[in-house]
Amino acid sequence: MKFTLEDISGITGSRVEGAPSAPTIDTLLTDSRTTVDPTTSPLFIALRTGSGDGHRFIKDAYRRGVRAFIVDEVPPVMAAVSDATFLVVPDTLEALRQLGEAARAAYKGTVIGVTGSRGKTQVKELLYAALMPDAWRSPRSWNSQIGVPLSLYSIDPESKYAIIEAGIDGPGQMEILARMIKPDLGIFTAVTTEHDAGFRSREQKINEKARLFGNCDVVVCDNNVPEVAATLRSLRPDAEIVDVHGKEQIVAHVLNILGKSIDERAFDAMSRVRDVSTRIDVNEGMSGSLVLLDNFTPDFPSLDAALDFMERRATAGRTPTLILGDLMHAAGATREEISTLYSKLALTLRHREINRLIGVGREIAAHRNEFDPLTASEFIDNADAFISRYSGGDFDHELILLHGDSKVMRPIKNMLANAAHDTVLEINLDAMVHNFNAFRTLLPPDTGIVAMVKASAYGIGSIEASKTLQSHGATYLAVAVVDEGVALRDAGITMPVMVMNPITTNFRALFNYHLEPSVFSLSELRHIAEEASMAGCHNVNIHIKLDTGMHRTGFCPEDIEDLVHELKRLPHIHVSSTFSHLATADCLDQDDYTQLQLQRFEEMSNSLAAGLGQRVRRHILNTAGMMRFGKQACAYDMGRLGIGLYGISPLPAEHTNVQLMPVATLSTTIIALRHYPAGTTVGYGRRGKLTRASVVATLPIGYADGIDRRLGCGAANFRVRGTECPTVGNICMDMCMIDVTDVPDVSIGDTVEIFGPSLPIERLAESLGTIPYEVLTSISPRVRRIYYHE
């Protein structure tokens with residue numbers, strides 16, 4: 001759908017300020033980082049949510065070429081702009097919903113609504129592939145309160161079918177989505193445990209999701225949970241409820257309802273998307289390269305979103321390279337239509353300033369003449385030819401995006417990422433963002449967050465974590481030592497970085513990389529000031545640490561007067577903040593001591609500010625402190641988010657007031673299976689003795705990878721095919737063994753979860769008598785990290 005600004009003003013009831021232009025709006029944006037095609041007219045909607053304020057990014061969107069905005073107030077920084085239009089509304093999210101409803105009302109085709117717990121995106125993609133070229137579908141997993149109206153506005157009005165995905169994580173949300181989507185035909189995919197925590201019961205979750213289909217005459221549902229069909233029949237007694245099993249059966253029945261069938265062309269198209277997921281994997285490659293693998297449907301709209309993600313990972317030290325397979329298009333498309341597709345692709349790549357393009361596929365190779373001769377372009381028929389022709393050494397410090405059929409791209413990714421490892425630590429960057437935003441809601445709106453990425457971001461890898469946090473509004477990053485800060489700067493991190501333990505001989509790096517040291521003694525302050533003067537630094541930001549009761553480091557109350565005196569004679573030293581650390585915020589029986597620390601900090605920080613004659617930013621709350629005192633006055637200007645950022649609560653479950661998502665999953669694979677009789681001994685020292693006839697699996701992970709030896713001999717369970725399996729015998733340096741006797745159909749190559757969503761890391765920590773911090777930071781650097789974004 002495309003409306004003019006005049007149309008949009010009428011739909012949203014807005015007041016118009018700024019330039020009196022009325023272009024047709026091609027695209028709605030809620031993210032200022034999205035690359036804007038200069039041939040289009042986008043509209044940026046500044047949303048205020050519990051985790052952020054889009055008005056802060058209006059200037060960034062303007063710099064990227066946006067000239068139309070929906071706001072609830074015009075930011076002062078944009079008051080002097082003469083070539084932008086502002087539509088002022090009371091509630092920008094409601095305005096976005098109104099545009100979604102208007103776009104749906106204007107669409108004349110059939111709307112197919114999809115919801116469920118698992119398989120929504122795959123069913124949507126399978127159905128889309130089978131119905132091409134007559135279908136349009138919502139991009140990736142745009143299924144939220146924000147994603148749905150953006151999807152509706154994006155519908156191709158010429159399409160006969162629009163497939164819209166809807167997802168919720170709590171009650172009351174589907175009613176809003178249903179009002180926008182108004183599906184003609186419904187699909188309810190499998191119901192599993194996803195988002196159970198957001199509902200009182202599984203029954204409530206099913207009932208809430210079923211609200212999407214209040215006006216549907218036909219709903220096709222997965223029968224994995226019998227209550228789904230029963231709920232739908234009670235909601236719509238006159239509707240036809242088709243009860244089937246599995247994603248492909250759902251698609252087949254929907255096609256039958258629409259008078260279609262899965263012919264050979266549709267089958268071929270569906271085969272290309274059977275394994276799609278919304279993940280984009282981030283892998284460290286050889287020769288200093290970073291390899292991004294897009295696992296989504298290999299078509300033009302999906303590529304555009306992947307290129308956006310690629311740009312957000314760009315650094316000065318890596319040049320962008322695109323390895324692109326044949327793009328999916330309608331079966332039976334004419335030669336002219338396919339040429340037009342690749343011509344459009346070439347224009348996009350020129351605008352995106354892709355330095356190097358490697359086409360892998362016969363179709364893209366046949367259209368090589370469509371691409372800009374100024375781009376370094378190479379074309380190869382298939383993945384085998386690519387692997388024969390190239391090696392990791394042919395890619396030097398490049399940012400490489402792979403987009404295409406997964407059967408083609410995954411072998412190439414494995415080669416470039418040197419990924420012949422069975423043990424991986426998978427990092428869900430979206431889960432980290434979820435946790436970051438969850439803690440934002442615990443703090444006052446104007447309180448910032450210092451994200452702790454010391455110790456390689458608690459073992460998950462500081463660079464990818466920091467890039468993600470930088471793009472989602474963290475106020476500061478905090479590292480332990482100067483070298484960690486230098487590594488972030490070298491990786492392209494530009495936001496403020498605090499160094500918590502700045503004792504160093506490399507002051508030149510501290511100053512040249514604009515790192516901000518914490519200072520906890522007068523001698524250290526004088527040393528930093530002297531080195532700064534010698535280096536010609538006229539403005540060094542520091543953070544004053546106060547000892548309120550942890551008794552590790554920091555200024556004591558009796559030191560404040562001398563500290564003020566020293567700071568006043570050092571005009572090139574600027575105090576960015578003062579802070580302290582709570583020793584007992586996670587100790588519920590020691591609140592008296594926590595309150596004493598908070599009182600001391602209030603008095604000491606006030607004394608410091610009064611002595612300096614200026615306001616100084618303050619922060620004392622750590623993860624546990626934010627969970628317990630985040631809405632109190634002691635939240636001050638910033639909170640320091642550590643272990644909670646990575647999905648681990650420092651408090652007992654009954655006192656955890658925020659829903660966290662695990663960020664890291666450590667997994668490996670079974671490399672050997674052996675059947676042994678009862679009485680057999682296993683491993684070093686014959687410590688593992690089988691009490692029954694058993695199947696023992698060998699895993700390529702040991703104490704050199706971070707699996708503590710104390711977890712051997714049944715002290716821990718690992719998960720295989722949903723079954724928990726105890727360790728057998730001692731943990732070896734590079735291997736360990738588990739009892740998989742009770743695992744049905746176990747086989748070599750099966751995935752083994754060491755810890756993750758199904759096996760919380762807290763359980764391993766409990767087995768070891770330690771804390772999750774130690775388990776996570778003990779994972780060896782040799783374990784390959786895979787980062788992914790949905």
# chains A, B, ... in the order shown; residues from 1 in each chain; ligands from 1
>>> select_by_dssp(residues="segment 473-576 of chain A", states="strand (DSSP E)", output="ChimeraX atom specification")
/A:476-479,497-499,516-519,540-545,573-576
>>> residues_around(residues="Val752 of chain A", least_positions_apart="5", cutoff="10 Å", atoms="only C-alpha atoms", output="ChimeraX atom specification")
/A:423,666-670,699,718-725,738
>>> write_last_selection(atoms="C-alpha atoms", output="mmCIF file, in the first residue's frame")
data_model
loop_
_atom_site.group_PDB
_atom_site.id
_atom_site.type_symbol
_atom_site.label_atom_id
_atom_site.label_comp_id
_atom_site.auth_asym_id
_atom_site.auth_seq_id
_atom_site.Cartn_x
_atom_site.Cartn_y
_atom_site.Cartn_z
ATOM 1 C CA THR A 423 31.742 -28.039 19.875
ATOM 2 C CA LEU A 666 27.112 -24.703 24.725
ATOM 3 C CA SER A 667 26.653 -27.793 22.598
ATOM 4 C CA THR A 668 28.649 -30.566 21.016
ATOM 5 C CA THR A 669 27.938 -33.773 19.067
ATOM 6 C CA ILE A 670 28.236 -37.489 19.614
ATOM 7 C CA LEU A 699 31.771 -36.314 23.082
ATOM 8 C CA PHE A 718 23.852 -33.302 29.428
ATOM 9 C CA ARG A 719 20.804 -33.319 27.161
ATOM 10 C CA VAL A 720 20.368 -35.496 24.042
ATOM 11 C CA ARG A 721 17.061 -35.586 22.123
ATOM 12 C CA GLY A 722 15.230 -34.227 25.149
ATOM 13 C CA THR A 723 16.706 -36.794 27.553
ATOM 14 C CA GLU A 724 19.165 -35.918 30.313
ATOM 15 C CA CYS A 725 22.200 -38.180 30.255
ATOM 16 C CA ILE A 738 27.836 -39.883 28.816
#
>>> closest_residue(among="A:Leu177, A:Tyr458, A:Asp156, A:Phe267", to="Leu127 of chain A", atoms="only C-alpha atoms")
A:Phe267
>>> closest_residue(among="A:Glu208, A:Glu566, A:Glu353, A:Asp396", to="Met286 of chain A", atoms="only C-alpha atoms")
A:Asp396
>>> atom_distance(atom1="atom CA of Ala417 of chain A", atom2="atom CA of Ser302 of chain A")
22.6 Å
>>> residues_around(residues="segment 581-584 of chain A", least_positions_apart="5", cutoff="9 Å", atoms="only C-alpha atoms", output="list in words")
Lys545, Leu546, Asp547, Thr548, Gly549, Met550, His551, Asp589, Gln590, Asp591, Tyr593, Thr594, Gln597, Leu598, His619, Ile620, Leu621, Asn622, Ala624 and Gly625 of chain A
>>> closest_residue(among="A:Val564, A:Asp405, A:Phe188, A:Ala653", to="Ala610 of chain A", atoms="only C-alpha atoms")
A:Val564
>>> residues_around(residues="segment 673-689 of chain A", least_positions_apart="4", cutoff="9 Å", atoms="only C-alpha atoms", output="number ranges by chain")
A: 693-698, 712-714, 727-732, 736-737, 740-741, 746-748
>>> closest_residue(among="A:Asp275, A:Asp72, A:Asp243, A:Asp31", to="Pro298 of chain A", atoms="only C-alpha atoms")
A:Asp275
